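The file upload.cif contains mmCIF, C-alpha atoms:
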data_final
#
loop_
_atom_site.group_PDB
_atom_site.id
_atom_site.type_symbol
_atom_site.label_atom_id
_atom_site.label_comp_id
_atom_site.auth_asym_id
_atom_site.auth_seq_id
_atom_site.Cartn_x
_atom_site.Cartn_y
_atom_site.Cartn_z
ATOM 1 C CA MET I 1 103.550 93.557 85.951
ATOM 2 C CA SER I 2 105.936 91.213 87.645
ATOM 3 C CA THR I 3 106.223 87.652 88.732
ATOM 4 C CA THR I 4 107.475 86.713 92.162
ATOM 5 C CA VAL I 5 107.581 83.465 94.035
ATOM 6 C CA PRO I 6 107.497 82.583 97.739
ATOM 7 C CA SER I 7 110.763 82.000 99.546
ATOM 8 C CA SER I 8 110.523 78.293 98.769
ATOM 9 C CA GLY I 9 110.609 78.999 95.007
ATOM 10 C CA LEU I 10 113.323 77.872 92.612
ATOM 11 C CA ALA I 11 114.877 81.220 91.765
ATOM 12 C CA ALA I 12 118.142 82.217 93.414
ATOM 13 C CA PRO I 13 118.953 85.490 95.221
ATOM 14 C CA ALA I 14 120.441 88.244 93.096
ATOM 15 C CA PRO I 15 123.913 89.601 93.914
ATOM 16 C CA ALA I 16 123.918 92.381 96.492
ATOM 17 C CA ASP I 17 125.357 94.929 94.061
ATOM 18 C CA ARG I 18 122.245 94.602 91.906
ATOM 19 C CA VAL I 19 120.015 95.696 94.751
ATOM 20 C CA GLY I 20 121.977 98.544 96.270
ATOM 21 C CA THR I 21 123.007 98.946 99.880
ATOM 22 C CA PRO I 22 120.525 98.328 102.719
ATOM 23 C CA ASP I 23 120.600 102.063 103.468
ATOM 24 C CA ALA I 24 119.651 102.861 99.882
ATOM 25 C CA GLN I 25 116.908 100.245 99.863
ATOM 26 C CA GLU I 26 115.337 101.597 103.022
ATOM 27 C CA ALA I 27 115.736 105.310 102.205
ATOM 28 C CA PHE I 28 111.990 105.393 101.561
ATOM 29 C CA VAL I 29 110.951 104.847 105.171
ATOM 30 C CA ASP I 30 111.616 106.004 108.705
ATOM 31 C CA GLY I 31 113.784 104.075 111.151
ATOM 32 C CA ALA I 32 110.858 102.093 112.529
ATOM 33 C CA ASP I 33 110.391 100.484 109.108
ATOM 34 C CA ALA I 34 113.934 99.229 108.574
ATOM 35 C CA VAL I 35 113.888 95.536 107.688
ATOM 36 C CA GLY I 36 117.360 94.946 106.305
ATOM 37 C CA ALA I 37 118.460 93.804 102.870
ATOM 38 C CA ALA I 38 116.067 91.367 101.248
ATOM 39 C CA PRO I 39 117.010 88.433 99.038
ATOM 40 C CA VAL I 40 115.757 89.717 95.691
ATOM 41 C CA ARG I 41 115.164 86.768 93.368
ATOM 42 C CA THR I 42 116.257 86.471 89.788
ATOM 43 C CA ALA I 43 112.983 86.217 87.894
ATOM 44 C CA PRO I 44 111.746 85.854 84.320
ATOM 45 C CA TRP I 45 110.608 89.478 84.295
ATOM 46 C CA GLY I 46 114.254 90.535 84.476
ATOM 47 C CA ALA I 47 115.004 88.600 81.286
ATOM 48 C CA ASP I 48 115.506 90.246 77.919
ATOM 49 C CA PRO I 49 111.965 90.002 76.446
ATOM 50 C CA TYR I 50 110.412 91.958 79.309
ATOM 51 C CA ALA I 51 113.295 94.375 79.828
ATOM 52 C CA ASN I 52 113.433 95.082 76.091
ATOM 53 C CA ALA I 53 109.682 95.702 75.968
ATOM 54 C CA LEU I 54 109.936 98.240 78.793
ATOM 55 C CA ARG I 55 112.884 99.994 77.179
ATOM 56 C CA THR I 56 111.035 100.382 73.881
ATOM 57 C CA GLY I 57 107.589 100.906 75.426
ATOM 58 C CA ARG I 58 105.949 98.372 73.134
ATOM 59 C CA GLY I 59 105.386 94.663 72.511
ATOM 60 C CA PRO I 60 104.782 92.106 71.298
ATOM 61 C CA LEU I 61 105.060 90.205 74.574
ATOM 62 C CA PHE I 62 103.130 87.121 75.659
ATOM 63 C CA LEU I 63 102.773 84.589 78.423
ATOM 64 C CA ARG I 64 102.978 81.204 76.711
ATOM 65 C CA ARG I 65 102.088 77.748 77.988
ATOM 66 C CA SER I 66 103.864 74.644 76.711
ATOM 67 C CA ASP I 67 100.766 73.746 74.688
ATOM 68 C CA GLY I 68 101.053 76.976 72.693
ATOM 69 C CA TRP I 69 98.321 78.932 74.532
ATOM 70 C CA LEU I 70 99.190 82.645 74.457
ATOM 71 C CA LEU I 71 98.153 85.549 76.678
ATOM 72 C CA PRO I 72 99.075 88.905 75.098
ATOM 73 C CA LEU I 73 100.560 91.434 77.530
ATOM 74 C CA ASP I 74 99.541 95.075 77.108
ATOM 75 C CA VAL I 75 102.992 96.662 77.189
ATOM 76 C CA GLU I 76 101.911 99.830 75.402
ATOM 77 C CA ARG I 77 99.223 100.532 78.025
ATOM 78 C CA TRP I 78 101.602 99.772 80.890
ATOM 79 C CA CYS I 79 104.137 102.244 79.467
ATOM 80 C CA SER I 80 101.566 104.997 78.893
ATOM 81 C CA ASP I 81 100.053 107.415 81.384
ATOM 82 C CA ALA I 82 97.365 106.119 83.725
ATOM 83 C CA GLY I 83 94.035 105.832 81.895
ATOM 84 C CA SER I 84 90.460 106.181 83.065
ATOM 85 C CA ALA I 85 90.219 102.522 84.114
ATOM 86 C CA ASP I 86 93.385 102.918 86.191
ATOM 87 C CA LEU I 87 91.973 106.072 87.764
ATOM 88 C CA SER I 88 88.786 104.226 88.719
ATOM 89 C CA ALA I 89 91.002 102.122 90.978
ATOM 90 C CA LEU I 90 93.442 104.813 92.111
ATOM 91 C CA HIS I 91 90.691 107.170 93.271
ATOM 92 C CA ARG I 92 89.584 104.444 95.714
ATOM 93 C CA CYS I 93 93.027 104.222 97.354
ATOM 94 C CA GLU I 94 93.315 105.079 101.038
ATOM 95 C CA GLY I 95 96.436 106.126 102.926
ATOM 96 C CA PRO I 96 99.926 105.054 101.832
ATOM 97 C CA VAL I 97 99.840 102.754 98.803
ATOM 98 C CA LEU I 98 102.030 99.783 97.881
ATOM 99 C CA ASP I 99 101.896 98.867 94.172
ATOM 100 C CA ILE I 100 102.857 95.181 93.917
ATOM 101 C CA GLY I 101 104.488 94.421 90.573
ATOM 102 C CA CYS I 102 104.631 98.105 89.660
ATOM 103 C CA GLY I 103 106.057 97.509 86.190
ATOM 104 C CA PRO I 104 107.126 100.711 84.395
ATOM 105 C CA GLY I 105 105.574 102.890 87.098
ATOM 106 C CA ARG I 106 102.572 104.688 85.629
ATOM 107 C CA LEU I 107 100.430 103.953 88.705
ATOM 108 C CA VAL I 108 103.083 104.993 91.234
ATOM 109 C CA ALA I 109 103.645 108.250 89.336
ATOM 110 C CA GLU I 110 99.917 108.958 89.116
ATOM 111 C CA LEU I 111 99.405 108.217 92.813
ATOM 112 C CA ALA I 112 102.141 110.699 93.682
ATOM 113 C CA SER I 113 100.402 113.341 91.567
ATOM 114 C CA LEU I 114 97.181 112.615 93.456
ATOM 115 C CA GLY I 115 98.920 113.280 96.767
ATOM 116 C CA HIS I 116 99.357 109.692 97.955
ATOM 117 C CA ARG I 117 102.524 108.369 99.489
ATOM 118 C CA ALA I 118 103.212 105.462 97.151
ATOM 119 C CA LEU I 119 105.904 102.822 96.732
ATOM 120 C CA GLY I 120 106.269 100.344 93.891
ATOM 121 C CA ILE I 121 107.980 96.989 94.152
ATOM 122 C CA ASP I 122 109.082 94.825 91.251
ATOM 123 C CA VAL I 123 111.635 92.077 90.594
ATOM 124 C CA SER I 124 112.601 93.614 87.252
ATOM 125 C CA GLU I 125 115.514 96.056 87.301
ATOM 126 C CA ALA I 126 114.177 97.640 84.097
ATOM 127 C CA ALA I 127 110.769 98.227 85.729
ATOM 128 C CA VAL I 128 112.262 99.758 88.868
ATOM 129 C CA ALA I 129 114.546 101.997 86.803
ATOM 130 C CA ARG I 130 111.660 103.213 84.653
ATOM 131 C CA THR I 131 109.481 103.888 87.709
ATOM 132 C CA ARG I 132 112.257 105.916 89.301
ATOM 133 C CA GLY I 133 112.777 107.741 86.021
ATOM 134 C CA LEU I 134 109.171 108.942 86.281
ATOM 135 C CA GLY I 135 109.930 110.299 89.763
ATOM 136 C CA GLY I 136 108.249 107.446 91.615
ATOM 137 C CA ALA I 137 109.642 105.507 94.572
ATOM 138 C CA ALA I 138 110.410 101.864 93.799
ATOM 139 C CA LEU I 139 112.336 98.956 95.283
ATOM 140 C CA LEU I 140 113.745 95.850 93.603
ATOM 141 C CA ARG I 141 111.780 93.385 95.729
ATOM 142 C CA SER I 142 109.402 90.452 95.603
ATOM 143 C CA VAL I 143 106.132 90.730 97.491
ATOM 144 C CA PHE I 144 107.263 87.647 99.435
ATOM 145 C CA ASP I 145 110.475 89.360 100.606
ATOM 146 C CA PRO I 146 110.666 91.496 103.785
ATOM 147 C CA LEU I 147 109.226 94.910 102.904
ATOM 148 C CA PRO I 148 109.089 98.361 104.486
ATOM 149 C CA GLY I 149 105.942 99.204 106.438
ATOM 150 C CA GLU I 150 104.682 95.650 106.891
ATOM 151 C CA GLY I 151 101.354 95.737 108.704
ATOM 152 C CA ARG I 152 100.799 99.453 108.053
ATOM 153 C CA TRP I 153 99.978 99.988 104.376
ATOM 154 C CA GLY I 154 96.623 101.617 103.718
ATOM 155 C CA THR I 155 96.115 100.151 100.237
ATOM 156 C CA LEU I 156 97.719 97.410 98.168
ATOM 157 C CA LEU I 157 97.392 97.327 94.381
ATOM 158 C CA LEU I 158 97.404 94.127 92.320
ATOM 159 C CA LEU I 159 96.545 95.459 88.866
ATOM 160 C CA ASP I 160 97.516 94.436 85.317
ATOM 161 C CA GLY I 161 97.119 90.727 86.047
ATOM 162 C CA ASN I 162 99.287 90.746 89.169
ATOM 163 C CA ILE I 163 96.723 88.748 91.139
ATOM 164 C CA GLY I 164 98.431 85.895 89.275
ATOM 165 C CA ILE I 165 101.816 86.427 90.977
ATOM 166 C CA GLY I 166 103.246 83.177 92.308
ATOM 167 C CA GLY I 167 100.461 81.040 90.827
ATOM 168 C CA ASP I 168 98.619 80.753 94.159
ATOM 169 C CA PRO I 169 95.978 83.444 94.822
ATOM 170 C CA ALA I 170 95.268 82.167 98.343
ATOM 171 C CA ALA I 171 98.943 82.489 99.311
ATOM 172 C CA LEU I 172 99.115 85.955 97.766
ATOM 173 C CA LEU I 173 96.013 87.066 99.679
ATOM 174 C CA ASP I 174 97.542 85.728 102.888
ATOM 175 C CA ARG I 175 100.715 87.728 102.274
ATOM 176 C CA ALA I 176 98.657 90.828 101.461
ATOM 177 C CA ALA I 177 96.892 90.567 104.818
ATOM 178 C CA ASP I 178 100.276 90.720 106.556
ATOM 179 C CA LEU I 179 101.220 93.888 104.659
ATOM 180 C CA LEU I 180 98.024 95.868 105.257
ATOM 181 C CA GLY I 181 97.121 97.868 108.325
ATOM 182 C CA ALA I 182 93.902 97.258 110.239
ATOM 183 C CA ASP I 183 90.926 97.582 107.863
ATOM 184 C CA GLY I 184 93.349 98.117 104.975
ATOM 185 C CA LEU I 185 92.195 97.885 101.368
ATOM 186 C CA LEU I 186 93.314 95.535 98.610
ATOM 187 C CA ILE I 187 92.405 96.550 95.046
ATOM 188 C CA ALA I 188 92.836 93.760 92.499
ATOM 189 C CA GLU I 189 92.201 93.561 88.787
ATOM 190 C CA THR I 190 90.611 90.273 87.762
ATOM 191 C CA ALA I 191 90.344 88.442 84.455
ATOM 192 C CA PRO I 192 87.244 89.663 82.576
ATOM 193 C CA VAL I 193 85.984 86.064 82.305
ATOM 194 C CA ASP I 194 84.991 83.499 84.936
ATOM 195 C CA VAL I 195 88.239 81.562 85.218
ATOM 196 C CA ASP I 196 90.291 80.063 88.047
ATOM 197 C CA GLU I 197 93.389 78.353 86.713
ATOM 198 C CA ARG I 198 96.991 77.656 87.660
ATOM 199 C CA VAL I 199 99.494 77.472 84.833
ATOM 200 C CA ARG I 200 103.207 77.400 84.164
ATOM 201 C CA VAL I 201 104.170 79.892 81.498
ATOM 202 C CA ARG I 202 107.147 81.487 79.781
ATOM 203 C CA LEU I 203 107.700 84.995 78.534
ATOM 204 C CA ASP I 204 107.749 85.090 74.749
ATOM 205 C CA ASP I 205 108.420 88.133 72.579
ATOM 206 C CA GLY I 206 106.876 86.515 69.506
ATOM 207 C CA ARG I 207 109.945 87.122 67.374
ATOM 208 C CA ASP I 208 111.890 84.659 65.237
ATOM 209 C CA GLY I 209 108.801 82.497 64.937
ATOM 210 C CA THR I 210 108.744 81.714 68.652
ATOM 211 C CA ALA I 211 105.138 82.725 69.410
ATOM 212 C CA GLY I 212 102.819 79.777 69.362
ATOM 213 C CA ARG I 213 105.536 77.127 69.452
ATOM 214 C CA THR I 214 105.056 74.165 71.732
ATOM 215 C CA ALA I 215 108.709 73.914 72.824
ATOM 216 C CA PRO I 216 111.459 76.500 73.447
ATOM 217 C CA ALA I 217 113.944 77.082 70.645
ATOM 218 C CA SER I 218 115.252 80.592 71.133
ATOM 219 C CA ALA I 219 117.598 82.416 73.476
ATOM 220 C CA CYS I 220 114.732 84.819 74.107
ATOM 221 C CA ASP I 221 112.751 82.137 75.937
ATOM 222 C CA THR I 222 112.659 82.308 79.712
ATOM 223 C CA GLU I 223 112.355 79.565 82.274
ATOM 224 C CA PRO I 224 108.774 78.507 83.036
ATOM 225 C CA PHE I 225 107.227 80.009 86.148
ATOM 226 C CA PRO I 226 103.901 79.635 87.994
ATOM 227 C CA TRP I 227 101.073 82.019 87.190
ATOM 228 C CA ALA I 228 97.351 82.216 87.880
ATOM 229 C CA ARG I 229 94.393 83.593 85.965
ATOM 230 C CA ILE I 230 91.436 84.384 88.165
ATOM 231 C CA GLY I 231 88.107 86.060 87.467
ATOM 232 C CA THR I 232 85.948 87.982 89.924
ATOM 233 C CA PRO I 233 83.775 85.036 91.125
ATOM 234 C CA ALA I 234 86.840 82.926 91.863
ATOM 235 C CA LEU I 235 88.692 85.748 93.608
ATOM 236 C CA LEU I 236 85.684 86.395 95.824
ATOM 237 C CA ARG I 237 85.576 82.699 96.753
ATOM 238 C CA HIS I 238 89.243 82.734 97.728
ATOM 239 C CA ALA I 239 88.765 86.002 99.606
ATOM 240 C CA ARG I 240 85.797 84.738 101.626
ATOM 241 C CA ALA I 241 87.751 81.614 102.563
ATOM 242 C CA GLY I 242 90.524 83.851 103.908
ATOM 243 C CA GLY I 243 88.193 86.119 105.881
ATOM 244 C CA TRP I 244 88.370 89.104 103.515
ATOM 245 C CA ARG I 245 85.323 91.369 103.178
ATOM 246 C CA THR I 246 84.169 92.619 99.790
ATOM 247 C CA ALA I 247 84.293 96.419 99.551
ATOM 248 C CA GLY I 248 83.383 96.866 95.890
ATOM 249 C CA GLN I 249 83.237 95.468 92.348
ATOM 250 C CA TRP I 250 83.288 97.477 89.122
ATOM 251 C CA GLY I 251 84.318 97.502 85.497
ATOM 252 C CA ALA I 252 85.915 100.155 83.270
ATOM 253 C CA GLU I 253 87.072 100.034 79.656
ATOM 254 C CA GLY I 254 86.589 96.276 79.490
ATOM 255 C CA ARG I 255 88.636 95.672 82.664
ATOM 256 C CA THR I 256 87.227 94.307 85.933
ATOM 257 C CA PHE I 257 88.204 95.158 89.500
ATOM 258 C CA VAL I 258 87.495 94.060 93.068
ATOM 259 C CA SER I 259 88.298 95.828 96.341
ATOM 260 C CA LEU I 260 88.607 93.848 99.568
ATOM 261 C CA ARG I 261 88.996 94.743 103.240
ATOM 262 C CA ARG I 262 91.715 93.026 105.225
ATOM 263 C CA PRO I 263 90.526 90.097 107.338
ATOM 264 C CA VAL I 264 90.464 90.536 111.095
ATOM 265 C CA ARG I 265 92.949 87.961 112.361
ATOM 266 C CA GLU I 266 96.244 87.646 114.150
ATOM 267 C CA ARG I 267 99.238 88.628 112.097
ATOM 268 C CA SER I 268 102.209 86.387 111.439
ATOM 269 C CA ALA I 269 104.945 86.402 114.069
ATOM 270 C CA ARG I 270 107.334 88.172 111.680
ATOM 271 C CA THR I 271 104.933 90.991 110.896
ATOM 272 C CA SER I 272 103.952 91.418 114.535
ATOM 273 C CA SER I 273 107.572 91.773 115.636
ATOM 274 C CA GLN I 274 108.353 94.256 112.868
ATOM 275 C CA SER I 275 105.331 96.439 113.660
ATOM 276 C CA ALA I 276 105.170 96.255 117.451
ATOM 277 C CA GLU I 277 106.890 99.574 118.138
ATOM 278 C CA SER I 278 104.804 101.619 115.704
ATOM 279 C CA ALA I 279 101.582 99.742 115.068
ATOM 280 C CA ASN I 280 99.535 102.925 114.746
ATOM 281 C CA SER I 281 101.867 104.798 112.404
ATOM 282 C CA ALA I 282 101.915 104.797 108.617
ATOM 283 C CA PRO I 283 104.948 104.055 106.447
ATOM 284 C CA MET I 284 106.868 107.284 105.895
ATOM 285 C CA ILE I 285 108.123 107.313 102.313
ATOM 286 C CA SER I 286 111.045 109.667 101.842
ATOM 287 C CA SER I 287 111.713 111.823 98.800
ATOM 288 C CA GLN I 288 115.372 110.769 98.958
ATOM 289 C CA LEU I 289 115.034 108.209 96.194
ATOM 290 C CA PRO I 290 118.342 107.050 94.737
ATOM 291 C CA LYS I 291 118.345 107.778 91.016
#
When written as structure tokens, how does the structure in this file appear?
Amino acid sequence: MSTTVPSSGLAAPAPADRVGTPDAQEAFVDGADAVGAAPVRTAPWGADPYANALRTGRGPLFLRRSDGWLLPLDVERWCSDAGSADLSALHRCEGPVLDIGCGPGRLVAELASLGHRALGIDVSEAAVARTRGLGGAALLRSVFDPLPGEGRWGTLLLLDGNIGIGGDPAALLDRAADLLGADGLLIAETAPVDVDERVRVRLDDGRDGTAGRTAPASACDTEPFPWARIGTPALLRHARAGGWRTAGQWGAEGRTFVSLRRPVRERSARTSSQSAESANSAPMISSQLPK
């Protein structure tokens, strides 16, 4: 799970030596996919509470509003192997798969074992490192940065609450449409309740009495960032407004999922120019992953 913001967000680009060279970043794709070094943004998910949770494989970890509202984050599940609910989504994947906000990499690793070409992206160095440690391909990127294979991915994944990235589901759906190939599939996990809200939250590890406070008082607090919580009815409303077609809805182990087909519309000028020479080819993910 990872938070990213559009290019107009407040976070600043990370130093180049934290991202690796452009050649290393693009070692996952063929020459037609090269997009150059992207400005990876410093984000709350690179802060100590999240990085520490991934290193230990356990929480507690929460999203906390200023009014004390808490959303527990399921770190233990994220750091485990893919479960049956995950597999209910992964078995629906088509073609090369981009896992947006890949977190510690269980989905990317499972997709590889299922024979899919899969790439994870995350703005957390700890998440990318853990994904690579499992043998998966991952880049330190925001979904709103230039990405390999734009306009040619077969499936995008937004699981583990990642439909909330950036706090604007409509903007995230619009970006997803640019990334997918014709008739591509988006698989999103929704909140298991009928909710459609925009919030600003902080990461909170619940230690030193910080959980439930109404104001920051600890070095473990992160800067507030935009997030969204959206249930299935609300996601379908946003999707219909953007021209997406519903492909499926299901539930598993108390979790709820929606699959959507990419809208038929003109792509953005940037995506069109990047894909013009190889519009009918799929992203070629290399095994030469830097460790």
Inset, instruction - Can you give me, as a PyMOL selection string, the residues this file yields under the PyMOL selection byres ((chain I and resi 234-242) around 8)? - result: chain I and resi 169-170+173-174+190+194-196+230-233+243-246+260+263
Expected file contents, prior selection, C-alpha atoms, as a short mmCIF file (atom, residue, chain, number, x, y, z; two decimals), keeping the file's coordinate frame:
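File selection-v5.cif, as written:
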data_model
loop_
_atom_site.label_atom_id
_atom_site.label_comp_id
_atom_site.auth_asym_id
_atom_site.auth_seq_id
_atom_site.Cartn_x
_atom_site.Cartn_y
_atom_site.Cartn_z
CA PRO I 169 95.98 83.44 94.82
CA ALA I 170 95.27 82.17 98.34
CA LEU I 173 96.01 87.07 99.68
CA ASP I 174 97.54 85.73 102.89
CA THR I 190 90.61 90.27 87.76
CA ASP I 194 84.99 83.50 84.94
CA VAL I 195 88.24 81.56 85.22
CA ASP I 196 90.29 80.06 88.05
CA ILE I 230 91.44 84.38 88.16
CA GLY I 231 88.11 86.06 87.47
CA THR I 232 85.95 87.98 89.92
CA PRO I 233 83.78 85.04 91.12
CA GLY I 243 88.19 86.12 105.88
CA TRP I 244 88.37 89.10 103.52
CA ARG I 245 85.32 91.37 103.18
CA THR I 246 84.17 92.62 99.79
CA LEU I 260 88.61 93.85 99.57
CA PRO I 263 90.53 90.10 107.34
#
For region 78-82 of chain I, please output as a compact mmCIF listing (two decimals) with C-alpha atoms, in the coordinates of the input all residues within 9 Å (counting all atoms listed in the file; exclusion window: fewer than 2 positions along the same chain).
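So selection_34.txt came out as:
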# COMPACT_ATOMS: atom_id res chain seq x y z
CA MET I 1 103.55 93.56 85.95
CA LEU I 54 109.94 98.24 78.79
CA GLY I 57 107.59 100.91 75.43
CA ARG I 58 105.95 98.37 73.13
CA ASP I 74 99.54 95.08 77.11
CA VAL I 75 102.99 96.66 77.19
CA GLU I 76 101.91 99.83 75.40
CA SER I 84 90.46 106.18 83.06
CA ALA I 85 90.22 102.52 84.11
CA ASP I 86 93.38 102.92 86.19
CA LEU I 87 91.97 106.07 87.76
CA GLY I 103 106.06 97.51 86.19
CA PRO I 104 107.13 100.71 84.40
CA GLY I 105 105.57 102.89 87.10
CA ARG I 106 102.57 104.69 85.63
CA LEU I 107 100.43 103.95 88.70
CA ALA I 109 103.64 108.25 89.34
CA GLU I 110 99.92 108.96 89.12
CA ASP I 160 97.52 94.44 85.32
Inset, instruction - Name every residue that the PyMOL selection byres ((chain I and resi 93) around 12) selects in this structure, writing the answer as an NGL selection string with chains first and numbers rising. - result: :I and (86-92 or 94-99 or 107-108 or 110-112 or 114-118 or 153-157 or 184-188 or 247 or 259-261)
Kindly save the residues from that selection, with C-alpha atoms included, as a JSON list (two decimals), keeping the file's coordinate frame.
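Produced file out_2.json, reproduced below:
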[["chain", "number", "residue", "atom", "x", "y", "z"],
["I", 86, "ASP", "CA", 93.38, 102.92, 86.19],
["I", 87, "LEU", "CA", 91.97, 106.07, 87.76],
["I", 88, "SER", "CA", 88.79, 104.23, 88.72],
["I", 89, "ALA", "CA", 91.00, 102.12, 90.98],
["I", 90, "LEU", "CA", 93.44, 104.81, 92.11],
["I", 91, "HIS", "CA", 90.69, 107.17, 93.27],
["I", 92, "ARG", "CA", 89.58, 104.44, 95.71],
["I", 94, "GLU", "CA", 93.32, 105.08, 101.04],
["I", 95, "GLY", "CA", 96.44, 106.13, 102.93],
["I", 96, "PRO", "CA", 99.93, 105.05, 101.83],
["I", 97, "VAL", "CA", 99.84, 102.75, 98.80],
["I", 98, "LEU", "CA", 102.03, 99.78, 97.88],
["I", 99, "ASP", "CA", 101.90, 98.87, 94.17],
["I", 107, "LEU", "CA", 100.43, 103.95, 88.70],
["I", 108, "VAL", "CA", 103.08, 104.99, 91.23],
["I", 110, "GLU", "CA", 99.92, 108.96, 89.12],
["I", 111, "LEU", "CA", 99.40, 108.22, 92.81],
["I", 112, "ALA", "CA", 102.14, 110.70, 93.68],
["I", 114, "LEU", "CA", 97.18, 112.62, 93.46],
["I", 115, "GLY", "CA", 98.92, 113.28, 96.77],
["I", 116, "HIS", "CA", 99.36, 109.69, 97.96],
["I", 117, "ARG", "CA", 102.52, 108.37, 99.49],
["I", 118, "ALA", "CA", 103.21, 105.46, 97.15],
["I", 153, "TRP", "CA", 99.98, 99.99, 104.38],
["I", 154, "GLY", "CA", 96.62, 101.62, 103.72],
["I", 155, "THR", "CA", 96.12, 100.15, 100.24],
["I", 156, "LEU", "CA", 97.72, 97.41, 98.17],
["I", 157, "LEU", "CA", 97.39, 97.33, 94.38],
["I", 184, "GLY", "CA", 93.35, 98.12, 104.98],
["I", 185, "LEU", "CA", 92.20, 97.88, 101.37],
["I", 186, "LEU", "CA", 93.31, 95.54, 98.61],
["I", 187, "ILE", "CA", 92.40, 96.55, 95.05],
["I", 188, "ALA", "CA", 92.84, 93.76, 92.50],
["I", 247, "ALA", "CA", 84.29, 96.42, 99.55],
["I", 259, "SER", "CA", 88.30, 95.83, 96.34],
["I", 260, "LEU", "CA", 88.61, 93.85, 99.57],
["I", 261, "ARG", "CA", 89.00, 94.74, 103.24]]
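A straight line drawn from CA of Leu158 (chain I) to CA of Arg64 (chain I) is 21.0 Å long.
Computed from the coordinates, the CA of Leu71 (chain I) to CA of Ala177 (chain I) distance equals 28.6 Å.
Taking CA of Thr56 (chain I) and CA of Leu159 (chain I) as the two end points, the separation is 21.4 Å.
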